[in-house]
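*Asks:* Sending over target_1.pdb (PDB, C-alpha atoms).
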ATOM      1  CA  MET P 265     -43.935  70.320 -90.342
ATOM      2  CA  THR P 266     -40.975  69.458 -92.527
ATOM      3  CA  VAL P 267     -39.891  66.289 -94.366
ATOM      4  CA  VAL P 268     -36.251  65.297 -93.858
ATOM      5  CA  ASP P 269     -34.904  61.933 -95.096
ATOM      6  CA  ASP P 270     -38.393  60.387 -95.188
ATOM      7  CA  ARG P 271     -38.984  61.476 -91.542
ATOM      8  CA  ILE P 272     -41.650  63.953 -90.551
ATOM      9  CA  ASP P 273     -40.852  66.471 -87.823
ATOM     10  CA  MET P 274     -44.062  67.473 -86.091
ATOM     11  CA  ALA P 275     -44.652  70.965 -84.769
ATOM     12  CA  ASP P 276     -44.609  71.265 -80.998
ATOM     13  CA  ILE P 277     -48.259  71.347 -79.944
ATOM     14  CA  SER P 278     -47.842  70.883 -76.193
ATOM     15  CA  ASP P 279     -49.999  72.877 -73.783
ATOM     16  CA  GLU P 280     -47.263  74.117 -71.470
ATOM     17  CA  ARG P 281     -49.035  77.284 -70.365
ATOM     18  CA  THR P 282     -47.639  79.401 -67.574
ATOM     19  CA  LEU P 283     -49.366  82.091 -65.558
ATOM     20  CA  ASP P 284     -47.021  84.707 -67.021
ATOM     21  CA  MET P 285     -47.944  83.663 -70.570
ATOM     22  CA  MET P 286     -51.648  83.713 -69.813
ATOM     23  CA  PHE P 287     -51.556  87.135 -68.162
ATOM     24  CA  GLU P 288     -49.521  88.502 -71.092
ATOM     25  CA  TRP P 289     -52.222  87.291 -73.506
ATOM     26  CA  LEU P 290     -54.788  89.280 -71.524
ATOM     27  CA  GLU P 291     -52.942  92.603 -71.558
ATOM     28  CA  PRO P 292     -54.027  95.298 -71.642
ATOM     29  CA  THR P 293     -56.944  94.622 -69.324
ATOM     30  CA  PRO P 294     -59.899  96.926 -70.008
ATOM     31  CA  GLU P 295     -60.168  99.730 -67.461
ATOM     32  CA  GLY P 296     -62.535  98.912 -64.619
ATOM     33  CA  PHE P 297     -62.090  95.154 -64.945
ATOM     34  CA  LYS P 298     -60.251  92.655 -62.799
ATOM     35  CA  VAL P 299     -58.610  89.547 -64.261
ATOM     36  CA  GLU P 300     -57.821  86.365 -62.350
ATOM     37  CA  ILE P 301     -56.776  82.886 -63.343
ATOM     38  CA  VAL P 302     -58.298  80.160 -61.190
ATOM     39  CA  GLU P 303     -57.216  76.592 -61.891
ATOM     40  CA  GLY P 304     -56.193  77.610 -65.417
ATOM     41  CA  ASN P 305     -59.511  79.333 -66.224
ATOM     42  CA  VAL P 306     -59.594  83.059 -66.955
ATOM     43  CA  TYR P 307     -62.153  85.240 -65.172
ATOM     44  CA  MET P 308     -62.697  88.891 -66.012
ATOM     45  CA  SER P 309     -65.200  90.842 -63.970
ATOM     46  CA  PRO P 310     -66.157  94.515 -63.777
ATOM     47  CA  GLN P 311     -65.649  96.453 -60.555
ATOM     48  CA  ARG P 312     -68.882  97.673 -59.026
ATOM     49  CA  ASP P 313     -69.626 100.567 -56.690
ATOM     50  CA  THR P 314     -70.809  98.339 -53.851
ATOM     51  CA  HIS P 315     -67.852  96.027 -54.311
ATOM     52  CA  TRP P 316     -65.323  98.865 -54.074
ATOM     53  CA  ARG P 317     -67.025 100.543 -51.084
ATOM     54  CA  ILE P 318     -66.773  97.302 -49.074
ATOM     55  CA  ILE P 319     -63.119  96.819 -50.087
ATOM     56  CA  LEU P 320     -62.306 100.393 -49.056
ATOM     57  CA  GLY P 321     -64.151  99.931 -45.753
ATOM     58  CA  ILE P 322     -62.092  96.845 -44.935
ATOM     59  CA  ILE P 323     -58.795  98.502 -45.902
ATOM     60  CA  ARG P 324     -59.556 101.585 -43.772
ATOM     61  CA  GLN P 325     -60.164  99.361 -40.758
ATOM     62  CA  LEU P 326     -56.945  97.386 -41.341
ATOM     63  CA  LEU P 327     -54.750 100.521 -41.561
ATOM     64  CA  PRO P 328     -54.231 100.895 -37.786
ATOM     65  CA  HIS P 329     -52.703  97.389 -37.702
ATOM     66  CA  TYR P 330     -50.942  97.222 -41.093
ATOM     67  CA  GLN P 331     -48.618  99.619 -42.870
ATOM     68  CA  GLU P 332     -50.151 100.990 -46.041
ATOM     69  CA  ASP P 333     -47.545  99.226 -48.197
ATOM     70  CA  ARG P 334     -48.616  95.886 -46.697
ATOM     71  CA  LEU P 335     -52.232  96.223 -47.835
ATOM     72  CA  LEU P 336     -53.088  95.254 -51.403
ATOM     73  CA  SER P 337     -56.174  95.216 -53.586
ATOM     74  CA  ASP P 338     -56.418  93.566 -57.018
ATOM     75  CA  VAL P 339     -52.677  92.815 -57.129
ATOM     76  CA  ARG P 340     -51.623  89.527 -58.716
ATOM     77  CA  ILE P 341     -50.237  86.903 -56.365
ATOM     78  CA  ASP P 342     -49.492  83.382 -57.586
ATOM     79  CA  PHE P 343     -50.771  80.552 -55.411
ATOM     80  CA  PRO P 344     -50.019  76.819 -55.249
ATOM     81  CA  GLY P 345     -51.769  74.429 -57.578
ATOM     82  CA  LEU P 346     -52.192  74.425 -61.335
ATOM     83  CA  LEU P 347     -52.285  77.963 -62.778
ATOM     84  CA  ASN P 348     -53.641  80.012 -59.864
ATOM     85  CA  GLY P 349     -52.942  83.733 -60.227
ATOM     86  CA  PHE P 350     -55.364  85.661 -58.006
ATOM     87  CA  ALA P 351     -55.968  89.401 -57.685
ATOM     88  CA  SER P 352     -57.684  89.219 -54.308
ATOM     89  CA  ASP P 353     -59.956  92.065 -53.225
ATOM     90  CA  VAL P 354     -57.992  92.706 -50.011
ATOM     91  CA  VAL P 355     -54.692  91.197 -48.898
ATOM     92  CA  ALA P 356     -52.817  92.016 -45.694
ATOM     93  CA  LEU P 357     -49.163  90.992 -45.657
ATOM     94  CA  ALA P 358     -46.907  90.292 -42.680
ATOM     95  CA  SER P 359     -44.638  93.185 -41.684
ATOM     96  CA  ASP P 360     -41.556  91.244 -42.825
ATOM     97  CA  ALA P 361     -43.064  90.281 -46.222
ATOM     98  CA  VAL P 362     -40.684  90.303 -49.177
ATOM     99  CA  LYS P 363     -41.245  90.033 -52.901
ATOM    100  CA  GLY P 364     -40.069  86.881 -54.654
ATOM    101  CA  ASP P 365     -37.478  86.663 -57.415
ATOM    102  CA  ASP P 366     -40.256  87.346 -59.936
ATOM    103  CA  GLY P 367     -40.955  90.756 -58.362
ATOM    104  CA  ARG P 368     -44.355  89.724 -56.993
ATOM    105  CA  TRP P 369     -45.550  89.346 -53.416
ATOM    106  CA  ARG P 370     -45.406  85.800 -52.055
ATOM    107  CA  TYR P 371     -48.488  83.950 -50.836
ATOM    108  CA  GLN P 372     -46.440  82.674 -47.876
ATOM    109  CA  ASP P 373     -46.480  86.213 -46.397
ATOM    110  CA  ILE P 374     -50.261  86.663 -46.450
ATOM    111  CA  GLU P 375     -51.975  87.015 -43.079
ATOM    112  CA  PHE P 376     -55.470  87.974 -44.262
ATOM    113  CA  VAL P 377     -57.533  87.808 -47.457
ATOM    114  CA  ALA P 378     -60.998  89.237 -48.038
ATOM    115  CA  GLU P 379     -63.082  88.567 -51.130
ATOM    116  CA  VAL P 380     -66.240  90.531 -51.878
ATOM    117  CA  ILE P 381     -68.662  88.381 -53.830
ATOM    118  CA  SER P 382     -69.553  89.169 -57.432
ATOM    119  CA  ARG P 383     -72.387  87.275 -59.081
ATOM    120  CA  SER P 384     -70.217  86.132 -61.988
ATOM    121  CA  THR P 385     -67.277  84.836 -59.907
ATOM    122  CA  GLY P 386     -68.771  84.131 -56.479
ATOM    123  CA  ALA P 387     -68.586  80.370 -56.956
ATOM    124  CA  ASN P 388     -64.782  80.690 -57.135
ATOM    125  CA  ASP P 389     -64.613  82.611 -53.840
ATOM    126  CA  TYR P 390     -66.758  80.027 -52.042
ATOM    127  CA  GLY P 391     -65.129  77.038 -53.797
ATOM    128  CA  ALA P 392     -61.841  76.782 -55.686
ATOM    129  CA  LYS P 393     -60.225  79.936 -54.287
ATOM    130  CA  LYS P 394     -61.188  79.034 -50.714
ATOM    131  CA  ALA P 395     -59.526  75.629 -51.172
ATOM    132  CA  VAL P 396     -56.389  77.249 -52.623
ATOM    133  CA  TYR P 397     -56.205  79.785 -49.774
ATOM    134  CA  ALA P 398     -56.449  76.942 -47.261
ATOM    135  CA  THR P 399     -53.777  74.943 -49.108
ATOM    136  CA  ALA P 400     -51.556  78.058 -49.063
ATOM    137  CA  GLU P 401     -52.185  78.248 -45.292
ATOM    138  CA  VAL P 402     -53.650  81.755 -45.404
ATOM    139  CA  PRO P 403     -54.610  82.040 -41.718
ATOM    140  CA  VAL P 404     -57.666  84.294 -42.124
ATOM    141  CA  TYR P 405     -60.025  84.300 -45.119
ATOM    142  CA  LEU P 406     -63.122  86.509 -45.068
ATOM    143  CA  ILE P 407     -65.892  86.299 -47.666
ATOM    144  CA  VAL P 408     -68.232  89.308 -47.755
ATOM    145  CA  ASP P 409     -71.488  88.757 -49.642
ATOM    146  CA  PRO P 410     -73.418  91.962 -50.426
ATOM    147  CA  TYR P 411     -76.239  89.966 -52.067
ATOM    148  CA  THR P 412     -77.138  88.067 -48.895
ATOM    149  CA  GLY P 413     -75.872  90.702 -46.440
ATOM    150  CA  THR P 414     -73.649  88.127 -44.742
ATOM    151  CA  TRP P 415     -69.970  87.568 -44.044
ATOM    152  CA  HIS P 416     -68.167  84.249 -43.658
ATOM    153  CA  LEU P 417     -64.969  84.016 -41.617
ATOM    154  CA  HIS P 418     -62.669  81.056 -42.356
ATOM    155  CA  THR P 419     -59.745  80.259 -40.039
ATOM    156  CA  LEU P 420     -57.576  77.292 -39.058
ATOM    157  CA  PRO P 421     -56.532  76.055 -42.521
ATOM    158  CA  LYS P 422     -55.727  72.358 -42.836
ATOM    159  CA  GLY P 423     -55.140  70.732 -46.195
ATOM    160  CA  ASP P 424     -57.534  72.305 -48.671
ATOM    161  CA  GLU P 425     -60.177  73.378 -46.166
ATOM    162  CA  TYR P 426     -60.722  75.637 -43.199
ATOM    163  CA  ARG P 427     -61.596  73.936 -39.897
ATOM    164  CA  SER P 428     -63.369  76.957 -38.425
ATOM    165  CA  VAL P 429     -66.142  78.827 -40.224
ATOM    166  CA  LEU P 430     -68.368  81.528 -38.767
ATOM    167  CA  SER P 431     -71.156  83.153 -40.811
ATOM    168  CA  LEU P 432     -73.130  86.157 -39.581
ATOM    169  CA  ASP P 433     -75.117  89.109 -40.924
ATOM    170  CA  PHE P 434     -73.898  92.585 -41.817
ATOM    171  CA  GLY P 435     -74.076  94.701 -38.686
ATOM    172  CA  THR P 436     -72.352  92.027 -36.607
ATOM    173  CA  PRO P 437     -68.629  92.807 -36.163
ATOM    174  CA  VAL P 438     -66.023  90.343 -37.434
ATOM    175  CA  ASP P 439     -63.959  89.504 -34.355
ATOM    176  CA  LEU P 440     -60.376  88.876 -35.486
ATOM    177  CA  THR P 441     -58.783  89.593 -32.097
ATOM    178  CA  SER P 442     -57.811  85.952 -31.578
ATOM    179  CA  THR P 443     -56.147  85.772 -35.032
ATOM    180  CA  VAL P 444     -52.902  87.192 -36.394
ATOM    181  CA  VAL P 445     -54.917  90.236 -37.584
ATOM    182  CA  GLY P 446     -55.698  91.217 -33.981
ATOM    183  CA  LEU P 447     -58.662  93.568 -34.456
ATOM    184  CA  THR P 448     -62.405  93.729 -35.001
ATOM    185  CA  LEU P 449     -63.952  94.758 -38.331
ATOM    186  CA  ALA P 450     -67.226  96.682 -38.248
ATOM    187  CA  THR P 451     -69.697  95.588 -40.942
ATOM    188  CA  ASP P 452     -72.685  97.834 -40.234
ATOM    189  CA  ALA P 453     -71.686 100.287 -43.009
ATOM    190  CA  PHE P 454     -71.203  97.593 -45.677
ATOM    191  CA  PRO P 455     -73.641  98.304 -48.519
ATOM    192  CA  ARG P 456     -75.861  95.622 -50.041
ATOM    193  CA  ASP P 457     -76.551  94.829 -53.658
TER
END
Represent the structure of the file as structure tokens.

*Replies:*
Amino acid sequence: MTVVDDRIDMADISDERTLDMMFEWLEPTPEGFKVEIVEGNVYMSPQRDTHWRIILGIIRQLLPHYQEDRLLSDVRIDFPGLLNGFASDVVALASDAVKGDDGRWRYQDIEFVAEVISRSTGANDYGAKKAVYATAEVPVYLIVDPYTGTWHLHTLPKGDEYRSVLSLDFGTPVDLTSTVVGLTLATDAFPRD
């Protein structure tokens, strides 16, 4: 602060954070960790064997329907709401998807998201992130939980919730034939934690 003509100029102490600023603060991310910002809160979690094997299993099954360059894992996409920069476990983009002016993929082009539950961040996947995905009108959101051996399919987004939810055990296929994804995902090989 400085004194000028008996006036005091105060330092700017506003909290005008942006996602870009926050991600810059976190670089470099330690190898083997994933960083996300959910509602302005930073979450860093280690990748696990089981986690990655499920992600890979989902991606392999999506490849017949999606070009390889339209499938993402742990790639930052900014979502609506206050400071939501997610690195979703699996994202499938529409064939005509384009990157925004910032050089990142746009949430408006997402057709499918899958999140594999981690103990430390699972509450986000079932709560805040699910609400953001619905708000962003992501048509198909799949939660895979290796701790309970269950999957939870969310479709028909409206507002900040999904109108259709189906939860079944590993071993039961995820029928996405009536969705934009247009295929069935086998779950019998998904490992459990």

*Asks:* Take the PyMOL selection byres ((chain P and resi 402) around 8), run it mentally on this structure, and tell me the resulting residues as a ChimeraX atom specification.

*Replies:* /P:371-372,374-377,397-401,403-405,421

*Asks:* For Phe350 in chain P, which of P:Ala392, P:Met285, P:Val429, P:Leu420 is the closest residue, counting all atoms listed in the file?

*Replies:*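 The answer is P:Ala392, which sits nearest to Phe350 in chain P.
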
*Asks:* With only C-alpha atoms as the basis for distance, which of P:Thr412, P:Asp342, P:Ala356, P:Gly364 is at the shortest distance from His329 in chain P?

*Replies:* P:Ala356

*Asks:* Determine, counting all atoms listed in the file, every residue of protein, DNA or RNA that lies within 7 Å of (-63.0, 90.5, -48.1) in the file coordinates, then give the result as a JSON list (two decimals) with C-alpha atoms, in the frame of the given file.

*Replies:*
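Printed below is out_24.json as written:
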[["chain", "number", "residue", "atom", "x", "y", "z"],
["P", 319, "ILE", "CA", -63.12, 96.82, -50.09],
["P", 353, "ASP", "CA", -59.96, 92.06, -53.22],
["P", 354, "VAL", "CA", -57.99, 92.71, -50.01],
["P", 377, "VAL", "CA", -57.53, 87.81, -47.46],
["P", 378, "ALA", "CA", -61.00, 89.24, -48.04],
["P", 379, "GLU", "CA", -63.08, 88.57, -51.13],
["P", 380, "VAL", "CA", -66.24, 90.53, -51.88],
["P", 406, "LEU", "CA", -63.12, 86.51, -45.07],
["P", 407, "ILE", "CA", -65.89, 86.30, -47.67],
["P", 408, "VAL", "CA", -68.23, 89.31, -47.76]]

*Asks:* Contacts of range 368-370 of chain P at 12 Å or less, counting all atoms listed in the file, minus same-chain residues fewer than 4 places along, as a PyMOL selection string?

*Replies:* chain P and resi 284+333-336+339-344+349-351+355-358+360-364+374-375+400+402

*Asks:* Hey, can you spit out that residue selection with C-alpha atoms as a PDB file, in the frame of the given file?

*Replies:*
ATOM      1  CA  ASP P 284     -47.021  84.707 -67.021  1.00  0.00           C
ATOM      2  CA  ASP P 333     -47.545  99.226 -48.197  1.00  0.00           C
ATOM      3  CA  ARG P 334     -48.616  95.886 -46.697  1.00  0.00           C
ATOM      4  CA  LEU P 335     -52.232  96.223 -47.835  1.00  0.00           C
ATOM      5  CA  LEU P 336     -53.088  95.254 -51.403  1.00  0.00           C
ATOM      6  CA  VAL P 339     -52.677  92.815 -57.129  1.00  0.00           C
ATOM      7  CA  ARG P 340     -51.623  89.527 -58.716  1.00  0.00           C
ATOM      8  CA  ILE P 341     -50.237  86.903 -56.365  1.00  0.00           C
ATOM      9  CA  ASP P 342     -49.492  83.382 -57.586  1.00  0.00           C
ATOM     10  CA  PHE P 343     -50.771  80.552 -55.411  1.00  0.00           C
ATOM     11  CA  PRO P 344     -50.019  76.819 -55.249  1.00  0.00           C
ATOM     12  CA  GLY P 349     -52.942  83.733 -60.227  1.00  0.00           C
ATOM     13  CA  PHE P 350     -55.364  85.661 -58.006  1.00  0.00           C
ATOM     14  CA  ALA P 351     -55.968  89.401 -57.685  1.00  0.00           C
ATOM     15  CA  VAL P 355     -54.692  91.197 -48.898  1.00  0.00           C
ATOM     16  CA  ALA P 356     -52.817  92.016 -45.694  1.00  0.00           C
ATOM     17  CA  LEU P 357     -49.163  90.992 -45.657  1.00  0.00           C
ATOM     18  CA  ALA P 358     -46.907  90.292 -42.680  1.00  0.00           C
ATOM     19  CA  ASP P 360     -41.556  91.244 -42.825  1.00  0.00           C
ATOM     20  CA  ALA P 361     -43.064  90.281 -46.222  1.00  0.00           C
ATOM     21  CA  VAL P 362     -40.684  90.303 -49.177  1.00  0.00           C
ATOM     22  CA  LYS P 363     -41.245  90.033 -52.901  1.00  0.00           C
ATOM     23  CA  GLY P 364     -40.069  86.881 -54.654  1.00  0.00           C
ATOM     24  CA  ILE P 374     -50.261  86.663 -46.450  1.00  0.00           C
ATOM     25  CA  GLU P 375     -51.975  87.015 -43.079  1.00  0.00           C
ATOM     26  CA  ALA P 400     -51.556  78.058 -49.063  1.00  0.00           C
ATOM     27  CA  VAL P 402     -53.650  81.755 -45.404  1.00  0.00           C
TER      28      VAL P 402
END

*Asks:* Can you tell me how far CA of Ser359 in chain P sits from CA of Glu332 in chain P, in Å to one decimal?

*Replies:*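 Result for CA of Ser359 in chain P versus CA of Glu332 in chain P: 10.5 Å, one decimal.
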
*Asks:* Can you work out which one of P:Phe434, P:Tyr390, P:Tyr426, P:Tyr411 has the shortest atom-to-atom distance to Phe454 in chain P, counting only C-alpha atoms?

*Replies:*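 The closest residue to Phe454 in chain P is P:Phe434.
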
*Asks:* Name every residue that the PyMOL selection byres ((chain P and resi 313) around 12) selects in this structure, writing the answer as a list in words with chains first and numbers rising.

*Replies:*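 Matching residues under the PyMOL selection byres ((chain P and resi 313) around 12) are Gly296, Pro310, Gln311, Arg312, Thr314, His315, Trp316, Arg317, Ile318, Ile319, Leu320, Val380, Ser382, Pro410, Phe454, Pro455, Arg456 and Asp457 of chain P.
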